[in-house]
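Undergrad: Input data23.cif, format and content: mmCIF, C-alpha atoms and all ligand atoms.
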data_my_file
#
loop_
_atom_site.label_atom_id
_atom_site.label_comp_id
_atom_site.auth_asym_id
_atom_site.auth_seq_id
_atom_site.Cartn_x
_atom_site.Cartn_y
_atom_site.Cartn_z
CA MET A 12 0.00 0.00 0.00
CA SER A 13 1.26 3.48 -0.83
CA GLN A 14 2.04 6.14 1.78
CA SER A 15 -0.23 9.01 0.71
CA PRO A 16 -3.94 8.37 0.18
CA ASN A 17 -4.06 8.73 -3.62
CA ALA A 18 -0.61 8.10 -4.99
CA PHE A 19 -0.98 4.50 -6.14
CA THR A 20 -1.00 4.05 -9.93
CA PRO A 21 -1.99 1.17 -12.22
CA PHE A 22 1.73 0.86 -13.04
CA ASP A 23 2.41 0.26 -9.32
CA LEU A 24 -0.19 -2.52 -9.32
CA ILE A 25 1.38 -4.26 -12.33
CA THR A 26 4.86 -4.10 -10.85
CA GLN A 27 3.51 -5.37 -7.53
CA GLN A 28 1.65 -8.29 -9.13
CA THR A 29 4.20 -9.43 -11.75
CA ASP A 30 7.70 -10.83 -11.63
CA PRO A 31 10.48 -8.42 -12.80
CA GLY A 32 11.99 -11.07 -15.07
CA ASN A 33 8.66 -11.89 -16.73
CA PRO A 34 8.49 -10.36 -20.25
CA GLU A 35 4.70 -10.17 -19.83
CA ARG A 36 5.24 -7.32 -17.33
CA GLN A 37 6.33 -4.94 -20.13
CA THR A 38 3.45 -6.09 -22.31
CA LEU A 39 0.94 -5.42 -19.54
CA ILE A 40 2.42 -1.98 -18.90
CA SER A 41 2.25 -1.13 -22.57
CA ILE A 42 -1.38 -2.36 -22.91
CA LEU A 43 -2.27 -0.45 -19.77
CA HIS A 44 -0.87 2.75 -21.29
CA ALA A 45 -3.10 2.19 -24.33
CA ILE A 46 -6.17 1.68 -22.11
CA GLU A 47 -5.30 4.76 -20.04
CA GLN A 48 -4.80 6.87 -23.16
CA GLY A 49 -8.06 5.62 -24.70
CA GLY A 50 -9.84 6.40 -21.42
CA ARG A 51 -8.51 9.96 -21.45
CA LYS A 52 -9.63 10.45 -25.03
CA ILE A 53 -13.12 8.91 -24.70
CA SER A 54 -13.69 10.68 -21.40
CA ALA A 55 -12.79 14.07 -22.93
CA LEU A 56 -15.04 13.43 -25.93
CA LEU A 57 -17.97 12.39 -23.72
CA GLN A 58 -17.64 15.58 -21.66
CA ARG A 59 -18.60 17.52 -24.80
CA GLY A 60 -20.72 14.74 -26.34
CA PRO A 61 -23.88 16.54 -27.49
CA LEU A 62 -21.85 19.60 -28.58
CA LEU A 63 -19.82 17.37 -30.88
CA GLY A 64 -22.91 15.49 -32.08
CA ILE A 65 -21.52 12.13 -31.03
CA THR A 66 -24.17 10.89 -28.59
CA GLY A 67 -26.55 9.53 -31.21
CA SER A 68 -26.92 6.56 -33.51
CA THR A 69 -25.18 5.87 -36.82
CA HIS A 70 -28.40 4.10 -37.91
CA ALA A 71 -26.27 1.09 -38.89
CA GLN A 72 -26.39 -2.35 -37.25
CA ASN A 73 -23.42 -4.24 -35.86
CA ILE A 74 -22.82 -7.95 -36.41
CA GLN A 75 -24.95 -8.67 -33.35
CA GLY A 76 -27.92 -6.97 -35.06
CA GLU A 77 -27.80 -4.06 -32.62
CA GLU A 78 -27.96 -0.39 -33.54
CA VAL A 79 -24.46 1.12 -33.67
CA GLN A 80 -24.06 4.42 -31.80
CA ALA A 81 -21.47 6.94 -33.06
CA MET A 82 -19.47 6.41 -29.86
CA ASP A 83 -19.41 2.62 -30.42
CA GLN A 84 -17.45 3.33 -33.60
CA ILE A 85 -15.25 5.99 -32.05
CA GLY A 86 -14.46 3.65 -29.13
CA GLN A 87 -13.61 0.85 -31.54
CA GLU A 88 -11.27 3.01 -33.66
CA THR A 89 -9.65 4.66 -30.62
CA PHE A 90 -8.72 1.49 -28.76
CA LEU A 91 -7.85 -0.51 -31.88
CA THR A 92 -5.43 2.23 -33.00
CA LEU A 93 -3.81 2.47 -29.56
CA PHE A 94 -3.43 -1.32 -29.29
CA ARG A 95 -1.89 -1.39 -32.78
CA GLN A 96 0.58 1.35 -31.82
CA SER A 97 1.52 -0.46 -28.59
CA GLY A 98 3.17 -3.34 -30.46
CA SER A 99 2.12 -5.63 -27.61
CA VAL A 100 -1.26 -6.84 -28.83
CA LEU A 101 -1.33 -9.81 -31.16
CA GLY A 102 -5.07 -9.72 -31.74
CA VAL A 103 -8.13 -7.67 -30.83
CA LEU A 104 -11.58 -9.17 -30.57
CA SER A 105 -14.32 -6.55 -30.32
CA GLU A 106 -18.07 -6.39 -30.02
CA GLU A 107 -17.94 -3.98 -32.95
CA ALA A 108 -16.07 -6.20 -35.44
CA GLU A 109 -17.16 -9.53 -36.85
CA HIS A 110 -13.65 -10.98 -36.99
CA PRO A 111 -10.68 -10.41 -34.68
CA ASP A 112 -8.02 -7.97 -35.98
CA LEU A 113 -4.51 -9.42 -36.03
CA LEU A 114 -1.83 -6.79 -35.32
CA PRO A 115 1.94 -6.50 -35.85
CA VAL A 116 3.88 -6.94 -32.60
CA THR A 117 7.24 -5.72 -31.36
CA HIS A 118 7.09 -7.02 -27.78
CA SER A 119 8.42 -10.49 -27.03
CA ALA A 120 5.37 -11.71 -25.09
CA PRO A 121 2.32 -10.14 -26.75
CA CYS A 122 -1.23 -10.60 -25.46
CA LEU A 123 -4.71 -10.89 -26.91
CA VAL A 124 -7.34 -8.32 -26.00
CA ALA A 125 -11.11 -8.86 -26.11
CA MET A 126 -13.06 -5.63 -25.69
CA ASP A 127 -16.41 -3.96 -25.49
CA PRO A 128 -15.19 -0.48 -26.51
CA LEU A 129 -18.40 1.24 -25.40
CA ASP A 130 -20.67 -0.55 -22.97
CA GLY A 131 -24.21 0.72 -22.41
CA SER A 132 -23.97 3.05 -25.41
CA SER A 133 -27.74 3.62 -25.52
CA ASN A 134 -27.28 5.54 -22.23
CA LEU A 135 -25.35 8.24 -24.07
CA SER A 136 -28.32 10.11 -25.50
CA VAL A 137 -29.57 10.71 -21.92
CA ASN A 138 -26.19 11.58 -20.34
CA ALA A 139 -26.14 8.41 -18.23
CA PRO A 140 -23.01 6.34 -17.38
CA VAL A 141 -21.23 4.15 -19.94
CA GLY A 142 -18.00 2.17 -19.91
CA SER A 143 -15.31 0.24 -21.80
CA ILE A 144 -14.40 -3.37 -20.90
CA PHE A 145 -11.19 -5.33 -21.58
CA ALA A 146 -10.05 -8.93 -21.09
CA LEU A 147 -6.36 -9.80 -21.63
CA PHE A 148 -5.39 -13.33 -22.59
CA ARG A 149 -2.02 -15.05 -22.93
CA PRO A 150 -1.91 -16.66 -26.41
CA SER A 151 -2.15 -20.45 -26.12
CA GLY A 152 1.01 -21.09 -28.15
CA HIS A 153 -0.84 -23.42 -30.55
CA THR A 154 -0.68 -22.60 -34.21
CA SER A 155 -4.12 -21.17 -34.86
CA PRO A 156 -5.39 -20.98 -38.42
CA SER A 157 -7.55 -17.90 -37.78
CA GLY A 158 -8.07 -15.02 -35.37
CA GLU A 159 -11.19 -16.78 -34.11
CA SER A 160 -9.35 -19.98 -33.20
CA LEU A 161 -6.53 -17.95 -31.62
CA PHE A 162 -9.04 -16.44 -29.19
CA LEU A 163 -10.96 -19.69 -28.66
CA ASP A 164 -7.75 -21.65 -27.98
CA SER A 165 -6.55 -18.99 -25.51
CA SER A 166 -9.84 -18.37 -23.69
CA GLY A 167 -8.67 -20.27 -20.60
CA ASN A 168 -5.60 -18.01 -20.23
CA LEU A 169 -7.20 -14.85 -18.87
CA ILE A 170 -4.42 -12.89 -17.13
CA ALA A 171 -5.93 -9.47 -16.47
CA ALA A 172 -9.17 -7.56 -16.88
CA ALA A 173 -10.16 -3.93 -16.69
CA TYR A 174 -12.99 -1.52 -17.20
CA LEU A 175 -13.31 2.23 -17.57
CA LEU A 176 -16.44 3.83 -16.15
CA TYR A 177 -17.29 7.23 -17.64
CA SER A 178 -19.57 8.92 -15.16
CA VAL A 179 -19.35 12.02 -12.96
CA SER A 180 -15.66 11.13 -12.84
CA THR A 181 -13.77 8.54 -14.89
CA THR A 182 -12.75 5.40 -13.04
CA LEU A 183 -10.34 2.68 -14.13
CA VAL A 184 -10.76 -0.68 -12.40
CA LEU A 185 -7.90 -3.10 -13.00
CA ALA A 186 -7.67 -6.74 -11.89
CA ILE A 187 -4.34 -8.48 -12.17
CA GLY A 188 -2.71 -11.26 -10.19
CA THR A 189 -4.80 -11.66 -7.06
CA GLU A 190 -6.11 -8.12 -6.64
CA THR A 191 -8.63 -5.64 -8.03
CA HIS A 192 -7.95 -1.90 -7.66
CA SER A 193 -9.79 1.26 -8.58
CA PHE A 194 -8.19 4.48 -9.90
CA THR A 195 -9.70 7.88 -10.66
CA LEU A 196 -8.64 9.90 -13.69
CA ASP A 197 -7.41 13.35 -12.78
CA PRO A 198 -8.26 15.27 -15.99
CA SER A 199 -5.89 18.09 -15.04
CA THR A 200 -2.81 15.84 -15.15
CA GLY A 201 -4.07 12.79 -17.08
CA GLU A 202 -3.02 10.51 -14.22
CA TYR A 203 -5.04 7.63 -12.84
CA LEU A 204 -4.64 7.52 -9.08
CA GLY A 205 -5.88 5.17 -6.37
CA SER A 206 -5.48 4.45 -2.68
CA GLY A 207 -3.47 1.25 -3.01
CA VAL A 208 -6.10 -0.66 -1.03
CA ALA A 209 -7.48 -3.64 -2.94
CA LEU A 210 -11.23 -3.65 -3.55
CA LYS A 211 -13.32 -6.36 -1.89
CA PHE A 212 -17.10 -6.73 -2.20
CA PRO A 213 -18.59 -5.83 1.18
CA GLU A 214 -20.67 -8.57 2.81
CA GLY A 215 -24.28 -8.08 3.81
CA GLY A 216 -25.23 -5.96 0.78
CA LYS A 217 -28.87 -5.85 -0.28
CA ILE A 218 -28.85 -4.44 -3.81
CA TYR A 219 -30.03 -6.32 -6.87
CA SER A 220 -29.57 -5.04 -10.42
CA THR A 221 -31.56 -6.52 -13.26
CA ASN A 222 -34.00 -5.55 -15.99
CA GLU A 223 -37.06 -6.80 -14.18
CA GLY A 224 -39.27 -5.94 -17.16
CA TYR A 225 -38.24 -9.31 -18.60
CA LEU A 226 -39.42 -11.28 -15.51
CA PRO A 227 -42.41 -12.86 -17.31
CA TYR A 228 -39.91 -14.56 -19.66
CA TRP A 229 -37.65 -15.98 -16.94
CA GLU A 230 -37.61 -19.52 -15.63
CA LYS A 231 -39.93 -20.31 -12.68
CA SER A 232 -37.03 -20.87 -10.30
CA LEU A 233 -35.69 -17.39 -11.04
CA GLN A 234 -39.13 -15.83 -10.66
CA GLN A 235 -39.34 -17.51 -7.23
CA TYR A 236 -35.97 -16.02 -6.24
CA MET A 237 -37.18 -12.58 -7.34
CA GLY A 238 -40.29 -12.97 -5.19
CA TRP A 239 -38.23 -14.12 -2.22
CA ILE A 240 -35.80 -11.19 -2.25
CA LYS A 241 -38.70 -8.73 -2.06
CA THR A 242 -41.09 -10.37 0.37
CA ASP A 243 -39.53 -13.13 2.51
CA ARG A 244 -35.92 -12.05 2.72
CA ASN A 245 -34.96 -10.07 5.79
CA PRO A 246 -33.98 -7.39 5.00
CA ALA A 247 -35.75 -7.15 1.63
CA MET A 248 -33.45 -6.23 -1.26
CA ILE A 249 -33.55 -2.94 -3.12
CA LEU A 250 -33.35 -2.46 -6.90
CA ARG A 251 -30.77 -0.29 -8.63
CA TYR A 252 -30.36 -0.52 -12.42
CA ILE A 253 -28.34 1.82 -14.64
CA GLY A 254 -28.59 -0.29 -17.78
CA ALA A 255 -24.83 -0.35 -18.41
CA LEU A 256 -23.07 -3.43 -17.06
CA VAL A 257 -20.00 -1.40 -16.07
CA GLY A 258 -22.06 1.08 -14.05
CA ASP A 259 -24.21 -1.56 -12.37
CA PHE A 260 -21.26 -3.80 -11.59
CA HIS A 261 -19.21 -0.92 -10.18
CA ARG A 262 -21.93 0.17 -7.77
CA ASN A 263 -22.42 -3.44 -6.68
CA LEU A 264 -18.68 -3.88 -6.16
CA LEU A 265 -18.55 -0.87 -3.85
CA LYS A 266 -21.85 -1.35 -2.03
CA GLY A 267 -22.50 -5.09 -2.14
CA GLY A 268 -24.97 -6.03 -4.85
CA ILE A 269 -25.84 -8.81 -7.28
CA TYR A 270 -26.17 -8.23 -11.04
CA LEU A 271 -28.40 -10.57 -13.03
CA TYR A 272 -28.85 -10.80 -16.80
CA PRO A 273 -30.48 -14.21 -17.16
CA ALA A 274 -31.70 -16.12 -20.21
CA ASP A 275 -35.27 -15.62 -21.49
CA VAL A 276 -37.57 -18.48 -22.30
CA LYS A 277 -39.86 -17.65 -25.20
CA ASN A 278 -42.10 -20.18 -26.97
CA GLY A 279 -40.44 -22.93 -24.94
CA LYS A 280 -37.00 -21.95 -26.24
CA LYS A 281 -34.31 -20.79 -23.82
CA SER A 282 -32.07 -17.98 -25.08
CA SER A 283 -28.35 -17.67 -24.32
CA GLY A 284 -28.80 -14.36 -22.50
CA LYS A 285 -27.63 -11.03 -23.89
CA LEU A 286 -24.14 -10.38 -22.61
CA ARG A 287 -21.07 -11.63 -24.45
CA LEU A 288 -18.82 -14.18 -22.79
CA LEU A 289 -15.36 -13.08 -23.94
CA TYR A 290 -15.59 -9.33 -23.54
CA GLU A 291 -18.35 -8.77 -20.97
CA ALA A 292 -18.83 -11.82 -18.72
CA TYR A 293 -15.22 -13.11 -18.50
CA PRO A 294 -13.64 -9.76 -17.54
CA MET A 295 -16.34 -9.01 -14.96
CA ALA A 296 -15.96 -12.55 -13.57
CA PHE A 297 -12.18 -12.07 -13.23
CA ILE A 298 -12.53 -8.64 -11.60
CA ALA A 299 -15.19 -10.07 -9.24
CA ARG A 300 -13.09 -13.11 -8.34
CA ASN A 301 -10.13 -10.92 -7.34
CA ALA A 302 -12.54 -8.88 -5.21
CA GLY A 303 -13.79 -11.98 -3.37
CA GLY A 304 -16.90 -12.45 -5.53
CA ILE A 305 -18.13 -14.97 -8.07
CA ALA A 306 -19.85 -15.10 -11.45
CA THR A 307 -22.04 -17.87 -12.79
CA ASP A 308 -24.32 -18.52 -15.74
CA GLY A 309 -26.80 -19.94 -13.21
CA THR A 310 -25.23 -23.38 -13.27
CA ILE A 311 -21.47 -23.21 -13.75
CA PRO A 312 -18.83 -20.59 -13.02
CA ILE A 313 -18.36 -18.15 -15.93
CA LEU A 314 -14.58 -18.64 -15.84
CA SER A 315 -14.94 -22.38 -16.49
CA ILE A 316 -17.11 -21.96 -19.61
CA VAL A 317 -15.27 -22.96 -22.80
CA PRO A 318 -16.54 -20.89 -25.75
CA ASN A 319 -17.18 -22.22 -29.22
CA ASN A 320 -17.84 -18.82 -30.77
CA VAL A 321 -15.97 -15.59 -30.11
CA HIS A 322 -19.19 -13.57 -29.88
CA GLN A 323 -20.98 -16.18 -27.74
CA ARG A 324 -23.63 -14.86 -25.38
CA VAL A 325 -24.14 -16.14 -21.88
CA PRO A 326 -26.49 -15.58 -18.91
CA LEU A 327 -24.59 -13.65 -16.23
CA ILE A 328 -25.11 -13.52 -12.48
CA VAL A 329 -22.22 -11.80 -10.70
CA GLY A 330 -21.63 -10.34 -7.27
CA PRO A 331 -20.34 -11.01 -3.78
CA MET A 332 -20.13 -14.58 -2.54
CA ASP A 333 -22.97 -14.21 -0.02
CA LEU A 334 -25.50 -12.85 -2.53
CA VAL A 335 -24.59 -15.26 -5.34
CA ARG A 336 -24.81 -18.21 -2.91
CA GLU A 337 -28.21 -17.00 -1.81
CA PHE A 338 -29.28 -16.72 -5.45
CA GLN A 339 -28.13 -20.30 -6.05
CA ASP A 340 -29.92 -21.60 -2.95
CA HIS A 341 -33.21 -19.87 -3.72
CA SER A 342 -33.29 -20.49 -7.45
CA GLY A 343 -32.70 -24.20 -6.93
CA SER A 344 -29.37 -24.23 -8.81
CA PRO A 345 -26.56 -26.23 -7.26
CA LEU A 346 -23.32 -24.48 -6.34
CA ASN A 347 -21.35 -26.42 -8.92
CA GLY A 348 -17.72 -25.52 -9.11
CA PHE A 349 -17.74 -23.11 -6.15
CA SER A 350 -15.90 -23.80 -2.98
P1 LIG B 1 -23.72 -2.74 -25.16
O1 LIG B 1 -24.09 -1.30 -25.13
O2 LIG B 1 -22.23 -2.97 -25.15
O3 LIG B 1 -24.43 -3.54 -26.23
O4 LIG B 1 -24.13 -3.40 -23.76
C1 LIG B 1 -25.39 -3.17 -23.23
C2 LIG B 1 -25.67 -4.26 -22.24
C3 LIG B 1 -25.17 -4.01 -20.83
O5 LIG B 1 -24.28 -3.01 -20.67
C4 LIG B 1 -26.41 -3.72 -20.03
O6 LIG B 1 -26.27 -4.21 -18.74
C5 LIG B 1 -27.46 -4.40 -20.81
O7 LIG B 1 -27.06 -4.40 -22.14
C6 LIG B 1 -28.77 -3.69 -20.69
O8 LIG B 1 -29.69 -4.41 -21.42
P2 LIG B 1 -31.26 -4.18 -21.25
O9 LIG B 1 -31.54 -2.88 -21.92
O10 LIG B 1 -31.87 -5.36 -21.94
O11 LIG B 1 -31.57 -4.15 -19.77
MN MN B 2 -21.73 -4.08 -23.41
MN MN B 3 -20.71 -2.13 -26.48
#
Could you render the structure as structure tokens?
Ligand code: AHG
Ligand code: MN
Ligand code: MN
TA:
Amino acid sequence: MSQSPNAFTPFDLITQQTDPGNPERQTLISILHAIEQGGRKISALLQRGPLLGITGSTHAQNIQGEEVQAMDQIGQETFLTLFRQSGSVLGVLSEEAEHPDLLPVTHSAPCLVAMDPLDGSSNLSVNAPVGSIFALFRPSGHTSPSGESLFLDSSGNLIAAAYLLYSVSTTLVLAIGTETHSFTLDPSTGEYLGSGVALKFPEGGKIYSTNEGYLPYWEKSLQQYMGWIKTDRNPAMILRYIGALVGDFHRNLLKGGIYLYPADVKNGKKSSGKLRLLYEAYPMAFIARNAGGIATDGTIPILSIVPNNVHQRVPLIVGPMDLVREFQDHSGSPLNGFS
């Protein structure tokens, strides 16, 4: 822990959590610089968003069939360019691109980055919080015939995760090694500074975050859990929902809350949920794990799911151990894979 209250930097965390002789340390530092730089740029743009005319839609659809906002594209170009310039990223998988981009590298131990460059982008037109999410993987070392197989073969090698939250201030949350830390961007100097105290989910929280409008389409066991948290649980839980995973997760991390984006069942057919495994669920699961929490798809831990598609969707339930256990107990799902 650092001496003064806000003098701990993301660089300090990387040096604390990695071995000096490990070539990955330089790679992580270089990728971190790209994320920090992208965060400064996006944050500055968002401050002036409506004045620049960048808070609306492009009226195009992305490969997921979702409407692309101008900032989705700006986020994609910003981070892709910075990762390319870093020379430490072998491939970038993004929500905004159908296929991974393979990049030239100059570092000896490059990484793979999966990203959601702008999370919750529909919040932008109403000046509500949004974020950017990153998962860093060590390449598997197998010869992979395509960018897709490179990411699929390496999906078990998650080594760090981060998100930027653009809200009243801009926050960088970085999980590496065994810890998760939070840093605040000081726009006057461009520095990201934190306390040096690792984040841990508080116990005894009572917040739940979900889009309850979809409750009629959820499985009976989940509907029962939702009824229980409001009527039989003591104390009853309270609802908070921003509609951007980064914002909801961040509040829950600080206050103690569970985030749920389950699968729908429509016409007897169960969906896969909405959120994407590689660049939304995995990084949040890693950040949560380092903060003493857990993430599940309702049955198995998110971090043990092996993808077969780089844009695979997955149900996501993530939060502190006590609230996720309670969810499992009251929705009738076994605690498979959790100790
Ligand atoms: P994105 O903007 O990257 O597509 O992500 C939006 C996601 C997530 O951030 C949020 O929690 C969820 O969609 C909200 O979905 P609903 O509007 O269905 O609640
Ligand atoms: Mn998203
Ligand atoms: Mn997005």
Undergrad: Hey, which residues sit close to ligand MN 2 (chain B)? Say within 6 Å, counting all atoms listed in the file, and write them as a VMD selection string.
TA: chain A and resid 127 130 to 131
Undergrad: Select, from A:Tyr293, A:Tyr272, A:Phe90, A:Phe338, the residue with the minimum atom-to-atom distance to ligand LIG 1 (chain B), counting all atoms listed in the file.
TA: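 Closest residue, counting all atoms listed in the file: A:Tyr272.
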Undergrad: Throw together the list of residues within 7 Å of ligand LIG 1 (chain B), counting all atoms listed in the file, and drop it here as a PyMOL selection string.
TA: chain A and resi 127+129-133+221-222+254-257+285-286
Undergrad: Counting all atoms listed in the file, figure out which residue out of A:Gly142, A:Gly67, A:Pro121, A:Pro16 gets nearest to ligand MN 3 (chain B).
TA: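 Comparing A:Gly142, A:Gly67, A:Pro121, A:Pro16 against ligand MN 3 (chain B), the winner is A:Gly142.
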Undergrad: For Ala120 of chain A, which residue out of A:Ile42, A:Met82, A:Leu62, A:Leu185 is the nearest one, using only C-alpha atoms?
TA: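 Comparing A:Ile42, A:Met82, A:Leu62, A:Leu185 against Ala120 of chain A, the winner is A:Ile42.
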Undergrad: Between A:Ser342, A:Ser157, A:Gln87, A:Ser119, single out the one closest to Ile144 of chain A, counting all atoms listed in the file.
TA: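 With all atoms listed in the file as the atom set, the closest residue is A:Gln87.
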Undergrad: Neighbourhood query: residues within 12 Å of (-10.5, -9.7, -37.3), file coordinates, counting all atoms listed in the file; return as a list in words.
TA: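 Output of the proximity query reads Leu91, Leu101, Gly102, Val103, Leu104, Ser105, Glu106, Glu107, Ala108, Glu109, His110, Pro111, Asp112, Leu113, Leu114, Leu123, Val124, Ala125, Ser157, Gly158, Glu159, Ser160, Leu161, Phe162 and Val321 of chain A.
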Undergrad: Choose the residue, out of A:Gln75, A:Thr310, A:Ser151, A:Asn320, that has the smallest atom-to-atom separation from ligand MN 3 (chain B); count all atoms listed in the file.
TA: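 Among the listed residues, the smallest separation from ligand MN 3 (chain B) belongs to A:Gln75.
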Undergrad: Of the candidates A:Gly343, A:Pro21, A:Gly238, A:Pro273, which one gets nearest to Leu327 of chain A if we count all atoms listed in the file?
TA: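 Smallest distance to Leu327 of chain A is found for A:Pro273.
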Undergrad: Give me, as a tab-separated table, the closest atom pair and its distance (Å, one decimal) for every residue of segment 201-300 of chain A within a cut-off of 9 Å of segment 165-184 of chain A, counting all atoms listed in the file, rows sorted by chain and rising number.
TA:
residue	atom	partner	partner_atom	distance
A:Tyr203	CA	A:Leu183	CA	7.4
A:Val257	CA	A:Leu176	CA	6.3
A:Gly258	CA	A:Leu176	CA	6.6
A:His261	CA	A:Leu176	CA	8.1
A:Leu289	CA	A:Ser166	CA	7.6
A:Tyr293	CA	A:Leu169	CA	8.2
A:Pro294	CA	A:Ala172	CA	5.0
A:Met295	CA	A:Ala172	CA	7.6
A:Phe297	CA	A:Ala172	CA	6.5
A:Ile298	CA	A:Ala172	CA	6.4
Undergrad: Mind checking which residues fall within 8 Å of Ile305 of chain A, counting all atoms listed in the file, ignoring those fewer than 4 positions away in the same chain, and posting them as a VMD selection string?
TA: chain A and resid 296 299 to 300 312 329 to 332 335
Undergrad: Just the residues within 7 Å of Gly98 of chain A, please, counting all atoms listed in the file, with nothing from its chain fewer than 5 positions along; format it as a PyMOL selection string.
TA: chain A and resi 115-118
Undergrad: Report the distance between atom CA of Lys281 of chain A and atom CA of Arg262 of chain A in Å, rounded to one decimal place.
TA: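 Calculated distance between atom CA of Lys281 of chain A and atom CA of Arg262 of chain A is 29.2 Å.
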Undergrad: Which residues, written as a ChimeraX atom specification, have at least one atom at most 12 Å from Gly309 of chain A, with only C-alpha atoms counted and residues fewer than 4 positions away on the same chain left out?
TA: /A:230,232-233,270-274,283-284,305,313,316,325-329,335-349
Undergrad: Could you list, as a ChimeraX atom specification, every residue within 10 Å of Glu214 of chain A, counting all atoms listed in the file and ignoring same-chain residues fewer than 4 positions away?
TA: /A:266-268,303-304,331-334
